[in-house]
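What follows is the content of final-v6.cif (mmCIF, C-alpha atoms).
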data_work
loop_
_atom_site.label_atom_id
_atom_site.label_comp_id
_atom_site.auth_asym_id
_atom_site.auth_seq_id
_atom_site.Cartn_x
_atom_site.Cartn_y
_atom_site.Cartn_z
CA MET C 1 85.13 97.35 80.37
CA GLY C 2 88.97 97.72 80.44
CA VAL C 3 91.70 99.69 82.25
CA THR C 4 94.38 101.83 80.53
CA GLY C 5 98.12 101.57 81.19
CA PRO C 6 100.05 103.64 83.75
CA PRO C 7 101.25 107.22 83.03
CA GLY C 8 104.93 107.76 82.07
CA PRO C 9 107.41 110.10 80.36
CA VAL C 10 106.96 111.52 76.84
CA MET C 11 105.76 108.71 74.63
CA ASP C 12 107.39 107.78 71.35
CA ARG C 13 105.47 107.09 68.17
CA ASP C 14 105.22 103.32 68.78
CA GLU C 15 103.94 103.86 72.31
CA VAL C 16 101.35 106.34 71.04
CA ASP C 17 100.17 103.93 68.35
CA ARG C 18 99.91 101.06 70.82
CA ALA C 19 98.06 103.26 73.30
CA LEU C 20 95.62 104.47 70.63
CA ALA C 21 94.96 100.89 69.54
CA ARG C 22 94.33 99.86 73.13
CA LEU C 23 92.09 102.85 73.79
CA GLY C 24 90.15 102.14 70.59
CA ALA C 25 89.47 98.59 71.70
CA GLU C 26 88.45 99.88 75.13
CA HIS C 27 86.14 102.40 73.51
CA GLU C 28 84.35 99.65 71.60
CA ALA C 29 84.09 97.43 74.72
CA ILE C 30 82.74 100.29 76.82
CA GLU C 31 80.24 101.30 74.16
CA THR C 32 79.03 97.69 73.82
CA SER C 33 78.60 97.38 77.59
CA LEU C 34 76.72 100.68 77.86
CA LEU C 35 74.40 99.81 74.98
CA ALA C 36 73.71 96.40 76.57
CA LEU C 37 72.92 98.10 79.88
CA GLN C 38 70.69 100.60 78.09
CA ASP C 39 68.76 97.77 76.42
CA HIS C 40 68.66 95.51 79.50
CA ALA C 41 65.11 94.32 80.21
CA GLY C 42 65.55 95.03 83.89
CA ARG C 43 66.55 98.65 83.24
CA ARG C 44 63.53 99.20 81.00
CA LEU C 45 61.24 97.73 83.67
CA LEU C 46 62.80 99.91 86.36
CA GLU C 47 62.43 102.98 84.18
CA GLY C 48 58.68 102.48 83.80
CA ALA C 49 57.77 101.03 87.22
CA GLU C 50 56.23 102.80 90.20
CA LEU C 51 58.92 101.93 92.69
CA THR C 52 58.96 102.12 96.49
CA GLY C 53 61.33 101.52 99.36
CA VAL C 54 64.95 100.50 98.88
CA THR C 55 64.46 99.87 95.14
CA LYS C 56 63.27 103.44 94.58
CA GLU C 57 66.29 104.84 96.40
CA ARG C 58 68.79 102.64 94.59
CA TRP C 59 67.20 103.18 91.18
CA GLU C 60 67.39 106.96 91.56
CA SER C 61 71.12 106.56 92.21
CA ALA C 62 71.58 103.99 89.43
CA ASP C 63 69.62 106.03 86.89
CA ALA C 64 71.76 109.08 87.64
CA SER C 65 74.87 106.89 87.40
CA ILE C 66 73.84 105.64 83.96
CA THR C 67 73.29 109.22 82.79
CA LEU C 68 76.69 110.17 84.17
CA LEU C 69 78.23 107.11 82.52
CA TRP C 70 77.17 108.38 79.10
CA ALA C 71 78.58 111.79 79.88
CA TYR C 72 81.89 110.20 80.86
CA PHE C 73 81.84 108.03 77.77
CA ASP C 74 81.23 111.02 75.49
CA ALA C 75 84.17 112.84 77.12
CA TYR C 76 86.29 109.71 76.72
CA ALA C 77 85.28 109.41 73.06
CA ASP C 78 86.07 113.09 72.43
CA ALA C 79 89.52 112.71 74.00
CA LEU C 80 90.20 109.62 71.90
CA ARG C 81 89.05 111.40 68.75
CA SER C 82 91.29 114.38 69.52
CA ALA C 83 94.28 112.09 70.05
CA ARG C 84 93.62 110.35 66.76
CA GLU C 85 93.41 113.67 64.94
CA ILE C 86 96.76 114.81 66.39
CA ARG C 87 98.38 111.50 65.45
CA SER C 88 97.00 111.68 61.92
CA ARG C 89 98.51 115.15 61.18
CA ARG C 90 101.71 113.62 59.91
CA ARG C 91 103.18 110.19 59.42
CA TRP C 92 106.13 110.89 61.74
CA SER C 93 104.82 112.88 64.68
CA SER C 94 106.94 115.80 65.85
CA ARG C 95 108.13 116.16 69.45
CA GLU C 96 105.46 118.80 70.05
CA ASP C 97 102.83 116.35 68.81
CA LEU C 98 104.25 113.60 71.04
CA VAL C 99 104.25 115.90 74.09
CA GLU C 100 100.64 116.87 73.36
CA LEU C 101 99.67 113.23 72.86
CA THR C 102 101.43 112.18 76.05
CA GLU C 103 99.54 114.83 78.01
CA LEU C 104 96.27 113.84 76.35
CA LEU C 105 96.74 110.10 76.77
CA ARG C 106 98.36 110.07 80.25
CA GLY C 107 97.63 113.39 81.92
CA GLU C 108 94.42 114.77 83.45
CA SER C 109 93.30 116.17 80.15
CA VAL C 110 89.60 115.20 80.18
CA THR C 111 87.14 117.67 81.71
CA VAL C 112 83.56 116.57 82.46
CA ALA C 113 81.02 119.25 83.34
CA GLY C 114 79.19 118.58 86.62
CA SER C 115 75.54 118.75 85.54
CA ALA C 116 73.11 118.95 88.43
CA THR C 117 70.73 116.60 86.68
CA ALA C 118 73.43 114.07 85.89
CA THR C 119 75.18 114.06 89.23
CA ALA C 120 72.38 114.77 91.73
CA ASN C 121 72.02 111.13 92.82
CA ALA C 122 75.10 109.51 91.33
CA PRO C 123 77.96 108.42 93.64
CA THR C 124 81.00 110.73 93.47
CA LEU C 125 84.70 110.23 93.96
CA HIS C 126 86.29 111.37 97.22
CA GLY C 127 86.86 115.12 97.16
CA THR C 128 84.75 115.80 94.04
CA ALA C 129 81.36 116.45 95.64
CA GLY C 130 79.95 119.87 94.86
CA LYS C 131 82.35 120.61 91.98
CA LEU C 132 80.97 122.17 88.79
CA SER C 133 83.35 120.05 86.72
CA GLU C 134 85.82 117.21 87.13
CA ARG C 135 89.17 116.54 85.48
CA PHE C 136 90.30 112.97 84.74
CA SER C 137 93.07 111.14 83.08
CA LEU C 138 91.87 108.51 80.66
CA VAL C 139 92.96 105.83 83.15
CA THR C 140 91.00 107.42 85.99
CA LEU C 141 88.01 108.01 83.75
CA VAL C 142 87.88 104.35 82.76
CA GLU C 143 88.15 103.31 86.41
CA ARG C 144 85.32 105.67 87.27
CA MET C 145 83.16 104.28 84.46
CA ASN C 146 83.93 100.74 85.57
CA GLU C 147 82.83 101.61 89.12
CA LEU C 148 79.57 103.26 88.05
CA TYR C 149 78.85 100.52 85.53
CA ALA C 150 79.34 97.72 88.10
CA THR C 151 77.06 99.29 90.73
CA SER C 152 74.38 100.15 88.15
CA LEU C 153 74.47 96.72 86.53
CA ASP C 154 74.35 95.00 89.94
CA MET C 155 71.20 96.88 90.86
CA VAL C 156 69.55 96.25 87.46
CA VAL C 157 70.43 92.53 87.41
CA ALA C 158 69.21 92.02 91.00
CA ALA C 159 65.85 93.70 90.35
CA ASP C 160 65.42 91.79 87.09
CA ALA C 161 66.24 88.46 88.80
CA VAL C 162 63.57 89.06 91.44
CA TRP C 163 61.00 90.12 88.85
CA SER C 164 61.84 87.09 86.72
CA ALA C 165 61.48 84.64 89.60
CA LEU C 166 58.92 85.70 92.17
CA PRO C 167 55.87 87.21 90.37
CA ALA C 168 55.54 84.17 88.08
CA ARG C 169 55.79 81.81 91.03
CA ILE C 170 53.28 83.86 93.00
CA ASP C 171 50.89 83.80 90.03
CA LEU C 172 51.18 80.01 89.75
CA LEU C 173 50.56 79.64 93.48
CA SER C 174 47.59 82.02 93.24
CA ALA C 175 46.10 79.91 90.44
CA GLU C 176 46.53 76.80 92.60
CA LEU C 177 44.97 78.72 95.47
CA GLN C 178 41.89 79.51 93.39
CA ARG C 179 41.48 75.83 92.43
CA THR C 180 41.83 74.86 96.08
CA ARG C 181 39.24 77.45 97.10
CA ARG C 182 36.72 76.10 94.60
CA LEU C 183 37.33 72.57 95.81
CA ALA C 184 37.09 73.66 99.44
CA HIS C 185 33.78 75.43 98.76
CA SER C 186 32.38 72.27 97.18
CA VAL C 187 32.93 70.31 100.40
CA GLY C 188 31.71 73.06 102.73
CA VAL C 189 35.10 74.43 103.83
CA ARG C 190 34.29 78.14 104.00
CA PRO C 191 35.66 81.11 105.95
CA GLY C 192 34.09 81.42 109.35
CA GLU C 193 32.94 77.81 109.29
CA HIS C 194 36.20 75.87 109.05
CA PRO C 195 39.80 76.78 110.02
CA SER C 196 41.05 75.82 106.57
CA GLY C 197 38.59 78.26 105.01
CA ASP C 198 40.06 81.02 107.19
CA ASP C 199 43.56 79.93 106.16
CA LEU C 200 42.65 80.23 102.48
CA GLU C 201 41.44 83.78 103.03
CA ARG C 202 44.64 84.71 104.84
CA ILE C 203 46.83 83.14 102.15
CA THR C 204 44.90 85.05 99.47
CA ARG C 205 45.46 88.37 101.22
CA THR C 206 49.12 87.60 101.85
CA LEU C 207 49.86 86.60 98.24
CA THR C 208 48.12 89.70 96.89
CA SER C 209 50.16 91.93 99.19
CA LEU C 210 53.36 89.99 98.47
CA ARG C 211 52.99 90.41 94.71
CA GLU C 212 52.44 94.15 95.06
CA GLN C 213 55.55 94.45 97.23
CA VAL C 214 57.66 92.39 94.82
CA ILE C 215 56.58 94.51 91.84
CA SER C 216 57.19 97.86 93.56
CA ASP C 217 60.25 96.97 95.66
CA PRO C 218 62.05 93.93 94.20
CA LEU C 219 65.34 94.65 95.98
CA ALA C 220 63.60 94.11 99.32
CA PHE C 221 63.46 90.45 98.23
CA TRP C 222 67.11 90.10 97.16
CA GLN C 223 69.79 88.26 99.10
CA PRO C 224 73.32 89.21 97.96
CA THR C 225 75.93 86.49 98.04
CA PRO C 226 78.49 87.36 100.76
CA GLY C 227 81.90 88.12 99.26
CA SER C 228 80.68 88.09 95.64
CA SER C 229 81.98 90.91 93.43
CA ALA C 230 80.16 89.83 90.29
CA PRO C 231 77.18 92.01 89.24
CA GLY C 232 73.95 90.39 90.42
CA GLY C 233 75.71 88.02 92.79
CA GLY C 234 72.92 86.65 94.95
CA ARG C 235 69.47 85.14 94.70
CA PRO C 236 65.82 86.12 95.22
CA ASP C 237 64.61 85.79 98.80
CA THR C 238 61.63 83.38 98.61
CA THR C 239 61.09 83.03 102.38
CA ALA C 240 57.64 84.67 102.41
CA TYR C 241 56.57 82.82 99.26
CA ASP C 242 57.76 79.45 100.59
CA ARG C 243 55.87 79.99 103.85
CA GLU C 244 52.59 80.58 102.02
CA ALA C 245 53.25 77.64 99.68
CA ARG C 246 53.64 75.36 102.71
CA ALA C 247 50.48 76.79 104.27
CA LEU C 248 48.53 76.11 101.06
CA GLU C 249 49.90 72.56 100.96
CA ASP C 250 48.63 72.02 104.52
CA VAL C 251 45.18 73.26 103.48
CA ARG C 252 45.22 70.98 100.44
CA ARG C 253 45.94 67.99 102.67
CA GLU C 254 43.03 69.00 104.87
CA ILE C 255 40.74 69.30 101.84
CA ASP C 256 41.93 65.89 100.61
CA ALA C 257 41.04 64.44 104.01
CA VAL C 258 37.56 65.95 103.75
CA LEU C 259 37.19 64.55 100.21
CA THR C 260 38.25 61.13 101.50
CA VAL C 261 35.56 61.40 104.16
CA ARG C 262 32.98 62.13 101.47
CA GLN C 263 34.03 59.03 99.54
CA ASP C 264 34.10 56.51 102.38
CA ALA C 265 31.83 58.11 104.98
CA GLU C 266 29.16 55.40 104.79
CA ALA C 267 31.68 52.54 105.15
CA ARG C 268 33.27 54.26 108.14
CA LEU C 269 29.90 54.86 109.77
CA VAL C 270 28.99 51.19 109.30
CA LYS C 271 32.30 50.14 110.85
CA LEU C 272 31.73 52.53 113.76
CA ARG C 273 28.29 51.05 114.43
CA ASP C 274 29.81 47.56 114.35
CA VAL C 275 32.57 48.46 116.81
CA LEU C 276 30.12 50.10 119.22
CA SER C 277 27.76 47.14 118.86
CA ARG C 278 30.57 44.72 119.75
CA ALA C 279 31.41 46.87 122.74
CA ASP C 280 27.77 46.79 123.88
CA ARG C 281 27.58 43.01 123.46
CA THR C 282 30.81 42.58 125.39
CA LEU C 283 29.49 44.74 128.23
CA ALA C 284 26.24 42.76 128.23
CA GLU C 285 28.26 39.55 128.44
CA ALA C 286 30.26 41.04 131.28
CA ARG C 287 27.08 41.92 133.18
CA ILE C 288 25.75 38.35 132.78
CA ALA C 289 29.12 36.96 133.82
CA ARG C 290 29.13 39.19 136.89
CA GLY C 291 25.80 37.74 137.99
CA GLU C 292 27.19 34.26 137.49
CA VAL C 293 30.32 35.07 139.48
CA LEU C 294 28.34 36.56 142.34
CA ALA C 295 26.20 33.39 142.43
CA LYS C 296 29.04 30.88 142.12
CA ILE C 297 32.06 32.48 143.79
CA ALA C 298 32.07 33.47 147.45
CA ALA C 299 34.09 36.17 149.24
CA THR C 300 35.21 37.87 145.98
CA GLU C 301 35.15 41.53 144.98
CA VAL C 302 33.60 41.66 141.51
CA PRO C 303 33.92 44.99 139.68
CA VAL C 304 30.76 46.76 138.62
CA VAL C 305 30.05 46.74 134.86
CA SER C 306 28.98 50.12 133.47
CA GLY C 307 26.37 50.52 130.80
CA PRO C 308 27.01 51.55 127.17
CA PRO C 309 28.03 55.23 126.76
CA THR C 310 25.07 57.18 125.43
CA ALA C 311 27.32 60.09 124.41
CA LEU C 312 28.98 58.00 121.70
CA GLN C 313 25.63 56.93 120.31
CA GLU C 314 24.54 60.57 120.23
CA GLN C 315 27.72 61.57 118.42
CA LEU C 316 27.22 58.72 115.97
CA ALA C 317 23.73 60.03 115.23
CA THR C 318 25.18 63.50 114.71
CA ALA C 319 27.75 62.08 112.28
CA ALA C 320 24.99 60.38 110.29
CA GLU C 321 23.13 63.71 110.20
CA TYR C 322 26.23 65.48 108.87
CA ARG C 323 26.51 62.89 106.13
CA ARG C 324 22.86 63.29 105.11
CA HIS C 325 23.34 67.05 104.77
CA ALA C 326 26.76 66.77 103.03
CA GLN C 327 28.51 68.68 105.81
CA TRP C 328 31.79 66.93 105.09
CA HIS C 329 33.99 69.51 106.81
CA ARG C 330 32.12 68.84 110.06
CA LEU C 331 31.95 65.09 109.54
CA SER C 332 35.72 64.68 108.98
CA PRO C 333 36.98 65.62 112.48
CA LEU C 334 33.95 64.01 114.16
CA LEU C 335 34.59 60.67 112.43
CA GLU C 336 38.25 60.68 113.41
CA SER C 337 37.34 61.38 117.04
CA LEU C 338 34.56 58.77 117.07
CA GLU C 339 36.76 56.06 115.58
CA GLN C 340 39.32 56.48 118.33
CA LYS C 341 36.67 56.63 121.05
CA ALA C 342 34.90 53.54 119.70
CA GLU C 343 38.13 51.52 119.74
CA ASP C 344 38.80 52.72 123.28
CA GLU C 345 35.27 51.72 124.30
CA LEU C 346 35.65 48.22 122.83
CA LEU C 347 38.96 47.81 124.66
CA ARG C 348 37.35 48.99 127.91
CA ALA C 349 34.49 46.50 127.48
CA ARG C 350 36.91 43.62 126.91
CA GLU C 351 38.96 44.61 129.93
CA SER C 352 35.76 44.77 131.99
CA LEU C 353 34.76 41.26 130.86
CA THR C 354 38.25 39.96 131.69
CA ALA C 355 38.16 41.54 135.14
CA VAL C 356 34.66 40.18 135.90
CA THR C 357 35.39 36.62 134.75
CA ALA C 358 38.78 36.41 136.48
CA PRO C 359 37.38 34.41 139.47
CA LEU C 360 35.78 31.92 137.07
CA ALA C 361 39.12 31.60 135.28
CA VAL C 362 40.83 30.94 138.61
CA ARG C 363 38.25 28.28 139.46
CA ALA C 364 38.69 26.67 136.04
CA GLU C 365 42.45 26.60 136.54
CA LEU C 366 42.05 24.93 139.96
CA ARG C 367 39.65 22.35 138.52
CA GLY C 368 42.06 21.60 135.69
CA ARG C 369 44.98 21.24 138.09
CA LEU C 370 42.98 18.91 140.37
CA ASP C 371 41.98 16.66 137.46
CA ALA C 372 45.55 16.61 136.14
CA TYR C 373 46.89 15.36 139.46
CA LYS C 374 44.13 12.76 139.68
CA ALA C 375 45.15 11.44 136.26
CA LYS C 376 48.78 11.34 137.43
CA VAL C 377 47.76 9.35 140.50
CA ALA C 378 45.91 6.88 138.30
CA ARG C 379 48.96 6.40 136.05
CA HIS C 380 51.02 5.48 139.11
CA GLY C 381 48.47 2.97 140.38
CA LEU C 382 47.42 4.97 143.42
CA ALA C 383 43.83 5.71 142.39
CA GLU C 384 42.44 3.55 145.20
CA ASP C 385 44.51 5.12 147.95
CA PRO C 386 41.98 6.13 150.65
CA PHE C 387 43.96 9.12 151.82
CA LEU C 388 44.23 10.55 148.33
CA ILE C 389 40.56 9.83 147.64
CA GLU C 390 39.62 11.78 150.75
CA ARG C 391 41.78 14.74 149.82
CA TYR C 392 40.49 14.69 146.24
CA ASP C 393 36.83 14.53 147.26
CA ALA C 394 37.30 17.45 149.69
CA ALA C 395 38.85 19.65 147.02
CA ARG C 396 36.28 18.61 144.43
CA ARG C 397 33.33 19.42 146.66
CA MET C 398 34.71 22.90 147.23
CA LEU C 399 35.36 23.54 143.51
CA TRP C 400 32.05 22.16 142.27
CA SER C 401 29.82 23.69 144.94
CA ALA C 402 28.22 27.13 144.83
CA PRO C 403 29.21 29.57 146.05
CA CYS C 404 32.82 28.50 145.83
CA ASP C 405 35.36 29.96 148.21
CA LEU C 406 38.42 30.21 145.96
CA ARG C 407 40.86 30.74 148.81
CA VAL C 408 39.72 27.64 150.67
CA ALA C 409 39.48 25.65 147.42
CA ASP C 410 43.02 26.64 146.50
CA GLN C 411 44.27 25.35 149.88
CA ALA C 412 42.39 22.08 149.36
CA VAL C 413 43.95 21.57 145.93
CA LEU C 414 47.40 22.32 147.39
CA ARG C 415 46.84 19.73 150.13
CA TYR C 416 45.90 17.15 147.51
CA GLN C 417 49.02 18.03 145.48
CA HIS C 418 51.25 17.66 148.54
CA ALA C 419 49.69 14.32 149.44
CA VAL C 420 50.27 13.05 145.90
CA ALA C 421 53.86 14.26 145.95
CA GLU C 422 54.54 12.56 149.28
CA LEU C 423 53.18 9.20 148.13
CA LEU C 424 55.05 9.33 144.83
CA THR C 425 58.36 10.07 146.50
CA ALA C 426 57.95 7.60 149.42
CA PRO C 427 59.92 4.26 149.11
CA ARG C 428 57.77 1.31 148.06
CA VAL C 429 57.74 -2.18 149.55
CA PRO C 430 58.79 -4.63 146.79
CA GLN C 431 56.25 -7.39 146.03
CA SER C 432 57.28 -10.96 145.02
CA GLY C 433 56.16 -12.46 141.80
CA PRO C 434 56.52 -11.55 138.16
CA GLU C 435 53.15 -9.79 138.03
CA ASP C 436 54.18 -7.26 140.69
CA ARG C 437 57.44 -6.58 138.92
CA ARG C 438 55.59 -5.95 135.72
CA GLY C 439 53.29 -3.56 137.56
CA GLU C 440 56.26 -1.61 138.91
CA SER C 441 57.94 -1.35 135.54
CA SER C 442 54.70 -0.22 133.90
CA SER C 443 54.21 2.56 136.45
#
Please, can you express the file's structure as structure tokens?
Amino acid sequence: MGVTGPPGPVMDRDEVDRALARLGAEHEAIETSLLALQDHAGRRLLEGAELTGVTKERWESADASITLLWAYFDAYADALRSAREIRSRRRWSSREDLVELTELLRGESVTVAGSATATANAPTLHGTAGKLSERFSLVTLVERMNELYATSLDMVVAADAVWSALPARIDLLSAELQRTRRLAHSVGVRPGEHPSGDDLERITRTLTSLREQVISDPLAFWQPTPGSSAPGGGRPDTTAYDREARALEDVRREIDAVLTVRQDAEARLVKLRDVLSRADRTLAEARIARGEVLAKIAATEVPVVSGPPTALQEQLATAAEYRRHAQWHRLSPLLESLEQKAEDELLRARESLTAVTAPLAVRAELRGRLDAYKAKVARHGLAEDPFLIERYDAARRMLWSAPCDLRVADQAVLRYQHAVAELLTAPRVPQSGPEDRRGESSS
């Protein structure tokens, strides 16, 4: 829609002809725009919808504006037709004709009756409210039509954009929701029995309500673009839809987890039994080792070994029962909990065995150290040294006797080590003869 030129003095014939040509082009552009608005899918939907909220309020104003637009356009067309008739009276317009044309084309010559039906909800210009009629120049009238057209089109385009985007997406999500519900029901995920079943019910209610709100009040779900002057500048607000889509995705993941449980439940139960069995065997080994330590090691605090946890065995039996009765939604969280507890139990059993057998490991280390030093003594030709033999025998008796006092045995091994170190570092008396020299070099 266009804007006419500024007012001025009495127009000559060329100015009148140019103005009429411009106004004719404007008339065609305005008519095309109004017809497009009249046929706009969004306007037709608004006209037949049961609206609520902000959309109802804005549509009442926009509908009145569209009615008023046609009234303005008819007045504009009448003024243009009158001007054309005056100009067509004679080839060379007289001064009286030019004065009349100037007043018609540039003055406030257009009167529009203020119909109560047409103007009840339409926005009005400053100072015109309550008037039975309004006078406009063609320039002002076009500006007024442009204003009403822009606000009406903005409202229509925004509502149509929301209706084009959100209901279809909600319907697709609702169809996916129904498929998920059927799948959830097949694995025992039902409302009141599983949190995901309750979530599906809530999502269903929310989507139903959301669709009703979008249909009746689309502008409540419209986000205008800040600073945009173009009609329909903005986008549909999908916050509520996106939230429910994410919630449904979470439920789908939960259902997938339950389906996975149904597929590999037996293998997981077998693995659980194996882990718990290894834990029991490890604890049994720890109990035997504790008896051995108490019999063979003296003056040592040996931790008590607890028995196998009966609670885990009971839970394992419950899990097997769930599998037999296809209660997959109950089996899924129980299996996850049991798997973690079983691994923890196996770790605890291994730690218990390590703690119980620690004294035996210390004794084994002392025995190994004693034998290593004896071999070192032999390599240096001191195996027959009486002092070292005495120290070795004393340490060996302590390490190979039961019960063994590890503290005393450790001291005995240290004394043997010190004795060996002293002899190896002490200066030797050289012996004559080639055989002795060879013995020294070989040591």
Exactly which residues make up the result of the PyMOL selection byres ((chain C and resi 171-184) around 8) on this file, given as a compact mmCIF listing (two decimals) with C-alpha atoms, in the frame of the given file?
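Result written to out39.txt:
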# COMPACT_ATOMS: atom_id res chain seq x y z
CA PRO C 167 55.87 87.21 90.37
CA ALA C 168 55.54 84.17 88.08
CA ARG C 169 55.79 81.81 91.03
CA ILE C 170 53.28 83.86 93.00
CA HIS C 185 33.78 75.43 98.76
CA SER C 186 32.38 72.27 97.18
CA VAL C 187 32.93 70.31 100.40
CA GLY C 188 31.71 73.06 102.73
CA VAL C 189 35.10 74.43 103.83
CA ARG C 190 34.29 78.14 104.00
CA GLY C 197 38.59 78.26 105.01
CA LEU C 200 42.65 80.23 102.48
CA THR C 204 44.90 85.05 99.47
CA LEU C 207 49.86 86.60 98.24
CA ALA C 245 53.25 77.64 99.68
CA LEU C 248 48.53 76.11 101.06
CA ARG C 252 45.22 70.98 100.44
CA ILE C 255 40.74 69.30 101.84
**Item:** Selection result for the PyMOL selection byres ((chain C and resi 375-389) around 7) on this file, as number ranges by chain
**Value:** C: 371-374, 390-393, 416, 419-420, 443
**Request:** Please evaluate the PyMOL selection byres ((chain C and resi 70-84) around 7) against the displayed coordinates and give the resulting residues as a list in words.
**Result:** Ile66, Thr67, Leu68, Leu69, Glu85, Ile86, Arg87, Ser88, Leu101, Leu104, Val110, Val112 and Leu138 of chain C
**Message:** Could you tell me how far atom CA of Leu34 of chain C sits from atom CA of Asp63 of chain C, in Å to one decimal place?
**Reply:**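 We find that atom CA of Asp63 of chain C and atom CA of Leu34 of chain C lie 12.7 Å from each other.
Considering the residues C:Leu346, C:Val302, C:Ala320, C:Ala29 and counting all atoms listed in the file, Thr282 of chain C has its shortest atom-to-atom contact with C:Leu346.
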Kindly assemble as a Markdown table a list of the segment 44-147 of chain C residues that lie within 12 Å of segment 157-165 of chain C, each paired with its nearest atom pair and their distance in Å to one decimal, using all atoms listed in the file, sorted first by chain and then by ascending residue number.
| residue | atom | partner | partner_atom | distance |
| --- | --- | --- | --- | --- |
| C:Arg44 | CA | C:Asp160 | CA | 9.8 |
| C:Leu45 | CA | C:Asp160 | CA | 8.0 |
| C:Leu46 | CA | C:Ala159 | CA | 8.0 |
| C:Glu47 | CA | C:Ala159 | CA | 11.7 |
| C:Ala49 | CA | C:Ala159 | CA | 11.3 |
| C:Leu51 | CA | C:Ala159 | CA | 11.0 |
| C:Val54 | CA | C:Ala159 | CA | 10.9 |
| C:Thr55 | CA | C:Ala159 | CA | 7.9 |
| C:Lys56 | CA | C:Ala159 | CA | 10.9 |
| C:Arg58 | CA | C:Ala159 | CA | 10.3 |
| C:Trp59 | CA | C:Ala159 | CA | 9.6 |
| C:Ala62 | CA | C:Val157 | CA | 11.7 |
Would you save the residues from that selection as an mmCIF file, in the frame of the given file, using C-alpha atoms?
data_model
loop_
_atom_site.group_PDB
_atom_site.id
_atom_site.type_symbol
_atom_site.label_atom_id
_atom_site.label_comp_id
_atom_site.auth_asym_id
_atom_site.auth_seq_id
_atom_site.Cartn_x
_atom_site.Cartn_y
_atom_site.Cartn_z
ATOM 1 C CA ARG C 44 63.530 99.200 81.000
ATOM 2 C CA LEU C 45 61.240 97.730 83.670
ATOM 3 C CA LEU C 46 62.800 99.910 86.360
ATOM 4 C CA GLU C 47 62.430 102.980 84.180
ATOM 5 C CA ALA C 49 57.770 101.030 87.220
ATOM 6 C CA LEU C 51 58.920 101.930 92.690
ATOM 7 C CA VAL C 54 64.950 100.500 98.880
ATOM 8 C CA THR C 55 64.460 99.870 95.140
ATOM 9 C CA LYS C 56 63.270 103.440 94.580
ATOM 10 C CA ARG C 58 68.790 102.640 94.590
ATOM 11 C CA TRP C 59 67.200 103.180 91.180
ATOM 12 C CA ALA C 62 71.580 103.990 89.430
#
**Shell around Thr239 of chain C at 12 Å using all atoms listed in the file, local window under 6 positions removed, as a list in words** =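 Close residues of Thr239 of chain C: Leu166, Leu210, Ala220, Phe221, Trp222, Gln223, Ala245 and Arg246 of chain C.
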Any chance you can output those residues with C-alpha atoms as a CSV table (one decimal), in the frame of the given file?
chain,number,residue,atom,x,y,z
C,166,LEU,CA,58.9,85.7,92.2
C,210,LEU,CA,53.4,90.0,98.5
C,220,ALA,CA,63.6,94.1,99.3
C,221,PHE,CA,63.5,90.4,98.2
C,222,TRP,CA,67.1,90.1,97.2
C,223,GLN,CA,69.8,88.3,99.1
C,245,ALA,CA,53.2,77.6,99.7
C,246,ARG,CA,53.6,75.4,102.7
**Request:** Could you jot down the atom CA of Arg253 of chain C to atom CA of Glu201 of chain C separation for me, Å, one decimal place?
**Result:**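 Going from atom CA of Arg253 of chain C over to atom CA of Glu201 of chain C, I get 16.4 Å.
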**Request:** Provide the atom CA of Ala355 of chain C to atom CA of Ser401 of chain C distance in Å, to one decimal place.
**Result:**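 These two atoms are separated by 22.0 Å.
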Let me know the centre plus edge lengths, in Å and rounded to one decimal, of a box with edges along x, y and z that contains all listed atoms of segment 258-275 of chain C and is padded by 6 Å on every side, as JSON.
{"center_x": 33.3, "center_y": 56.8, "center_z": 108.2, "size_x": 22.0, "size_y": 30.4, "size_z": 29.3}
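With all atoms listed in the file as the atoms that count, the minimum distance from Arg18 of chain C to the choices C:Leu105, C:Trp92, C:Lys271, C:Leu219 is reached by C:Leu105.
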**Item:** Neighbours of point (31.5, 58.2, 124.4) within 8 Å, using all atoms listed in the file, written as number ranges by chain
**Value:** C: 309-313, 315, 338, 341-342, 345
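Near Ala402 of chain C, within a cut-off of 10 Å and counting all atoms listed in the file, sit the residues Val293, Leu294, Ala295, Lys296, Ile297, Ala298, Arg397 and Met398 of chain C, with same-chain residues fewer than 4 positions away left out.
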Quick one: residues within 10 Å of Ser352 of chain C, all atoms listed in the file counted, chain neighbours fewer than 2 positions away excluded, as a compact mmCIF listing (two decimals) with C-alpha atoms, in the coordinates of the input?
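Now in part-v2.txt:
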# COMPACT_ATOMS: atom_id res chain seq x y z
CA THR C 282 30.81 42.58 125.39
CA LEU C 283 29.49 44.74 128.23
CA GLU C 285 28.26 39.55 128.44
CA ALA C 286 30.26 41.04 131.28
CA ARG C 287 27.08 41.92 133.18
CA ARG C 290 29.13 39.19 136.89
CA PRO C 303 33.92 44.99 139.68
CA VAL C 304 30.76 46.76 138.62
CA VAL C 305 30.05 46.74 134.86
CA SER C 306 28.98 50.12 133.47
CA LEU C 346 35.65 48.22 122.83
CA LEU C 347 38.96 47.81 124.66
CA ARG C 348 37.35 48.99 127.91
CA ALA C 349 34.49 46.50 127.48
CA ARG C 350 36.91 43.62 126.91
CA THR C 354 38.25 39.96 131.69
CA ALA C 355 38.16 41.54 135.14
CA VAL C 356 34.66 40.18 135.90
CA THR C 357 35.39 36.62 134.75
CA ALA C 358 38.78 36.41 136.48
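When all atoms listed in the file are used to measure the gap to Glu301 of chain C, the shortest distance among C:Leu370, C:Leu406, C:Arg205, C:Arg211 belongs to C:Leu406.
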